[in-house]
Amino acid sequence: MNNITSLELNFQSAIDKDEKIEARDWMPDAYRKTLIRQISQHAHSEIVGMLPEGNWITRAPSLRRKLALLAKVQDEAGHGLYLYSAAETLGISRDELLDQLHSGKAKYSSIFNYPTLTWADIGAVGWLVDGAAIMNQVPLCRCSYGPYARAMVRVCKEESFHQRQGYEILLTLCNGTPEQKEMAQDALNRWWWPSLMMFGPSDGDSPHSAQSMTWKIKRFSNDELRQRFVDMTIPQAEILGITVPDPLLKWNDKTGHYDFGTINWDDFWNVVNGNGPCNKERLAARVKAHENGSWVREAATAYAEKHKNQVKVSVA
Ligand code: BYC
């Protein structure tokens, strides 16, 4: 007989009733670990995700574009910070989380290991990457863990602005010169498959999905969300007048969904395991930024120490 304790039964029954689990509540160790893993990977993705777009701030084609891109990249920093805070409620420190990123131990989304080669890539990142992020993250607003679910509400509102600014960049390019439209098509060619990979391995190869769904951390499977993304995106590509690079893509009347070709999972794992086009560059940029910020951390610690001593003196 399985040794399920009453604590575990109460915990699962709260989840089954769609009650939120809060930081102070009892939770199985494996639930805590799964959340730390997912939330911290998510936080790292937001922070590393600033790099491919930050790269274009100085080269945005107009002041209006520059302002929107700057605001978007700052939003991503904010998302990273809420998510690190949500992970900290589970009993891990910010330092430990950053160490895991900088030592290469922690994962972050595969998508941020590709280069942004042209201005159209900034449109494609907003449209496809933020579009995929919204599809994945709206259900996370109903995640069973309260602090993560609440952080996701604001993140999703901002992601929806990001998606629109990306789509509008591509709409402008697609209504521009033939060269501009060609640039948009080239960006779609390069970003399409990596965007589909963002949802993670197929359900049969996803070791964490079943347990995460029982715990209502995940509400839909990787494949379900990927299919929804394809169904949402194809009509948008048709409005732009550009074509996704998949000869097998076809509307299926019977299922009411688009059929699409097979994802190259070897490519996906290659990138996840550190061998994508930009993995080394991305990690090096984060480590350098952290090292360059050490004087700020030291100054803040010294100031806090001084302030604490002053309070002690005045109390005495
Ligand atoms: N890239 O059992 P599975 C953003 C890993 S931020 C790398 O399905 P799970 C944005 C997975 O971690 C986008 N690794 O796992 C930011 C696991 O490895 P470990 C990030 C991936 O957790 C700035 C293994 O594969 N979004 O949108 O049930 C600008 C097996 O996978 C990937 C989030 O983080 C991947 N794509 O499901 C613009 C959302 N996929 O940990 C936009 C929150 C899978 O065993 N996260 N792996 O070593 C999630 O929803 C889930 O963690 C995932 C994966 C759907 C990603």
# chains A, B, ... in the order shown; residues from 1 in each chain; ligands from 1

$ residues_around --residues "Met198 (chain A)" --least-positions-apart "4" --cutoff "8 Å" --atoms "only C-alpha atoms" --output "list in words"
Ser109, Ser110, Ile111, Ala132 and Pro194 of chain A

$ write_last_selection --atoms "C-alpha atoms" --output "compact mmCIF listing (two decimals), in the first residue's frame"
# COMPACT_ATOMS: atom_id res chain seq x y z
CA SER A 109 14.32 28.81 -23.25
CA SER A 110 15.97 27.38 -26.38
CA ILE A 111 14.57 30.26 -28.46
CA ALA A 132 4.10 31.51 -28.20
CA PRO A 194 12.42 27.40 -33.23

$ residues_near_ligand --ligand "ligand 1" --cutoff "7 Å" --atoms "only C-alpha atoms and all ligand atoms" --output "ChimeraX atom specification"
/A:37-39,41-42,45-47,49-50,76,107-111,126,129-130,132-133,136-137,197-201,206-209,212,218,222,272

$ residues_around --residues "Cys143 (chain A)" --least-positions-apart "3" --cutoff "9 Å" --atoms "only C-alpha atoms" --output "ChimeraX atom specification"
/A:20,139-140,146,148-150,215-219

$ write_last_selection --atoms "N, CA and C atoms" --output "compact mmCIF listing (two decimals), in the first residue's frame"
# COMPACT_ATOMS: atom_id res chain seq x y z
N LYS A 20 -5.72 27.81 -4.27
CA LYS A 20 -4.31 28.16 -4.50
C LYS A 20 -3.46 27.63 -3.34
N PRO A 139 -2.47 30.15 -19.52
CA PRO A 139 -2.92 29.11 -18.58
C PRO A 139 -2.16 29.12 -17.25
N LEU A 140 -0.92 29.65 -17.27
CA LEU A 140 -0.15 29.70 -16.01
C LEU A 140 -0.74 30.71 -15.02
N GLY A 146 0.03 30.09 -5.92
CA GLY A 146 -0.44 31.48 -5.91
C GLY A 146 0.57 32.52 -6.40
N TYR A 148 3.18 32.37 -8.28
CA TYR A 148 3.50 32.25 -9.71
C TYR A 148 2.29 32.71 -10.55
N ALA A 149 1.11 32.23 -10.15
CA ALA A 149 -0.10 32.57 -10.91
C ALA A 149 -0.31 34.09 -10.92
N ARG A 150 -0.13 34.72 -9.78
CA ARG A 150 -0.38 36.18 -9.72
C ARG A 150 0.66 36.96 -10.53
N TRP A 215 -0.75 18.29 -10.68
CA TRP A 215 -0.59 19.36 -9.69
C TRP A 215 -1.16 20.69 -10.17
N LYS A 216 -1.69 20.70 -11.38
CA LYS A 216 -2.25 21.93 -11.99
C LYS A 216 -1.23 23.07 -12.03
N ILE A 217 0.03 22.67 -12.22
CA ILE A 217 1.03 23.70 -12.54
C ILE A 217 0.85 23.99 -14.04
N LYS A 218 0.84 22.90 -14.81
CA LYS A 218 0.52 23.02 -16.24
C LYS A 218 -0.96 22.67 -16.41
N ARG A 219 -1.65 23.41 -17.25
CA ARG A 219 -3.08 23.14 -17.48
C ARG A 219 -3.30 22.45 -18.82

$ residues_around --residues "Glu19 (chain A)" --least-positions-apart "2" --cutoff "12 Å" --atoms "only C-alpha atoms" --output "list in words"
Asn10, Phe11, Gln12, Ser13, Ala14, Ile15, Asp16, Lys17, Ile21, Glu22, Asp25, Arg142, Cys143, Ser144, Tyr145, Gly146, Ala149, Trp215 and Lys216 of chain A

$ select_by_dssp --residues "region 21-203 of chain A" --states "helix (DSSP H, G or I)" --output "MDAnalysis selection string"
chainID A and resid 29:48 50:54 57:59 63:88 94:102 110:113 119:137 139:142 146:174 178:197 203

$ closest_atom_pairs --of "region 148-209 of chain A" --to "region 230-251 of chain A" --cutoff "8 Å" --atoms "only C-alpha atoms" --output "CSV"
residue,atom,partner,partner_atom,distance
A:Leu170,CA,A:Leu240,CA,7.3
A:Leu171,CA,A:Leu240,CA,5.9
A:Cys174,CA,A:Leu240,CA,6.1
A:Ala184,CA,A:Ile242,CA,7.6
A:Gln185,CA,A:Ile242,CA,5.7
A:Leu188,CA,A:Val244,CA,6.6
A:Asn189,CA,A:Pro245,CA,5.5
A:Trp192,CA,A:Val244,CA,6.7

$ atom_distance --atom1 "CA of Glu182 (chain A)" --atom2 "CA of Ala120 (chain A)"
9.5 Å

$ residues_around --residues "Arg94 (chain A)" --least-positions-apart "2" --cutoff "12 Å" --atoms "only C-alpha atoms" --output "list in words"
Ile36, Ser40, Ala43, His44, Gly80, Leu81, Tyr82, Leu83, Tyr84, Ser85, Ala86, Ala87, Glu88, Thr89, Leu90, Gly91, Ile92, Glu96, Leu97, Leu98, Asp99, Gln100 and Leu101 of chain A

$ write_last_selection --atoms "C-alpha atoms" --output "mmCIF file, in the first residue's frame"
data_model
loop_
_atom_site.group_PDB
_atom_site.id
_atom_site.type_symbol
_atom_site.label_atom_id
_atom_site.label_comp_id
_atom_site.auth_asym_id
_atom_site.auth_seq_id
_atom_site.Cartn_x
_atom_site.Cartn_y
_atom_site.Cartn_z
ATOM 1 C CA ILE A 36 11.633 26.141 -8.434
ATOM 2 C CA SER A 40 13.615 29.844 -12.323
ATOM 3 C CA ALA A 43 12.965 33.897 -14.977
ATOM 4 C CA HIS A 44 16.288 33.116 -16.676
ATOM 5 C CA GLY A 80 12.476 38.239 -14.695
ATOM 6 C CA LEU A 81 12.415 40.087 -11.378
ATOM 7 C CA TYR A 82 8.822 39.082 -10.479
ATOM 8 C CA LEU A 83 9.656 35.503 -11.352
ATOM 9 C CA TYR A 84 12.864 35.407 -9.302
ATOM 10 C CA SER A 85 10.810 36.788 -6.394
ATOM 11 C CA ALA A 86 8.152 34.103 -6.909
ATOM 12 C CA ALA A 87 10.884 31.416 -6.901
ATOM 13 C CA GLU A 88 12.386 32.886 -3.701
ATOM 14 C CA THR A 89 9.064 32.314 -1.871
ATOM 15 C CA LEU A 90 9.848 28.594 -2.245
ATOM 16 C CA GLY A 91 12.992 28.850 -0.130
ATOM 17 C CA ILE A 92 15.802 29.348 -2.640
ATOM 18 C CA GLU A 96 21.693 30.394 -5.811
ATOM 19 C CA LEU A 97 19.396 30.921 -8.782
ATOM 20 C CA LEU A 98 21.884 33.200 -10.534
ATOM 21 C CA ASP A 99 24.750 30.800 -9.793
ATOM 22 C CA GLN A 100 22.791 28.039 -11.495
ATOM 23 C CA LEU A 101 22.348 30.218 -14.588
#

$ closest_residue --among "A:Met135, A:Val48, A:Trp119, A:Lys280" --to "Asp223 (chain A)" --atoms "only C-alpha atoms"
A:Met135

$ select_by_dssp --residues "region 213-295 of chain A" --states "strand (DSSP E)" --output "ChimeraX atom specification"
/A:250-252,257-259

$ write_last_selection --atoms "N, CA, C and O atoms" --output "PDB file, in the first residue's frame"
ATOM      1  N   LYS A 250      -1.201  22.152 -43.580  1.00  0.00           N
ATOM      2  CA  LYS A 250      -2.465  22.036 -44.337  1.00  0.00           C
ATOM      3  C   LYS A 250      -3.638  22.062 -43.373  1.00  0.00           C
ATOM      4  O   LYS A 250      -3.577  21.436 -42.310  1.00  0.00           O
ATOM      5  N   TRP A 251      -4.681  22.795 -43.734  1.00  0.00           N
ATOM      6  CA  TRP A 251      -5.890  22.799 -42.901  1.00  0.00           C
ATOM      7  C   TRP A 251      -6.539  21.418 -42.973  1.00  0.00           C
ATOM      8  O   TRP A 251      -6.633  20.815 -44.045  1.00  0.00           O
ATOM      9  N   ASN A 252      -6.974  20.902 -41.826  1.00  0.00           N
ATOM     10  CA  ASN A 252      -7.614  19.583 -41.789  1.00  0.00           C
ATOM     11  C   ASN A 252      -9.070  19.772 -41.364  1.00  0.00           C
ATOM     12  O   ASN A 252      -9.346  20.122 -40.217  1.00  0.00           O
ATOM     13  N   HIS A 257      -8.200  21.582 -37.249  1.00  0.00           N
ATOM     14  CA  HIS A 257      -6.888  22.174 -36.917  1.00  0.00           C
ATOM     15  C   HIS A 257      -5.992  22.092 -38.147  1.00  0.00           C
ATOM     16  O   HIS A 257      -6.287  21.362 -39.094  1.00  0.00           O
ATOM     17  N   TYR A 258      -4.868  22.831 -38.072  1.00  0.00           N
ATOM     18  CA  TYR A 258      -3.863  22.683 -39.123  1.00  0.00           C
ATOM     19  C   TYR A 258      -3.008  21.457 -38.812  1.00  0.00           C
ATOM     20  O   TYR A 258      -2.594  21.261 -37.663  1.00  0.00           O
ATOM     21  N   ASP A 259      -2.731  20.642 -39.857  1.00  0.00           N
ATOM     22  CA  ASP A 259      -1.690  19.605 -39.729  1.00  0.00           C
ATOM     23  C   ASP A 259      -0.373  20.291 -40.042  1.00  0.00           C
ATOM     24  O   ASP A 259      -0.338  21.213 -40.863  1.00  0.00           O
TER      25      ASP A 259
END

$ residues_around --residues "Gly276 (chain A)" --least-positions-apart "4" --cutoff "8 Å" --atoms "only C-alpha atoms" --output "MDAnalysis selection string"
chainID A and resid 113:114 270:272

$ write_last_selection --atoms "N, CA, C and O atoms" --output "compact mmCIF listing (two decimals), in the first residue's frame"
# COMPACT_ATOMS: atom_id res chain seq x y z
N ASN A 113 18.69 31.34 -28.10
CA ASN A 113 20.03 30.99 -28.59
C ASN A 113 20.16 31.14 -30.10
O ASN A 113 21.05 30.56 -30.71
N TYR A 114 19.24 31.92 -30.69
CA TYR A 114 19.33 32.20 -32.12
C TYR A 114 19.63 33.69 -32.30
O TYR A 114 19.18 34.51 -31.50
N ASN A 270 19.99 19.76 -29.33
CA ASN A 270 21.32 20.33 -29.55
C ASN A 270 21.40 21.73 -28.94
O ASN A 270 22.35 22.07 -28.23
N VAL A 271 20.36 22.53 -29.17
CA VAL A 271 20.33 23.90 -28.64
C VAL A 271 20.15 23.86 -27.11
O VAL A 271 20.85 24.56 -26.37
N VAL A 272 19.23 23.01 -26.63
CA VAL A 272 18.99 22.92 -25.18
C VAL A 272 20.28 22.49 -24.47
O VAL A 272 20.58 22.96 -23.36

$ closest_residue --among "A:Ala30, A:Leu128, A:Ala23, A:Ala302" --to "Gln211 (chain A)" --atoms "only C-alpha atoms"
A:Ala30
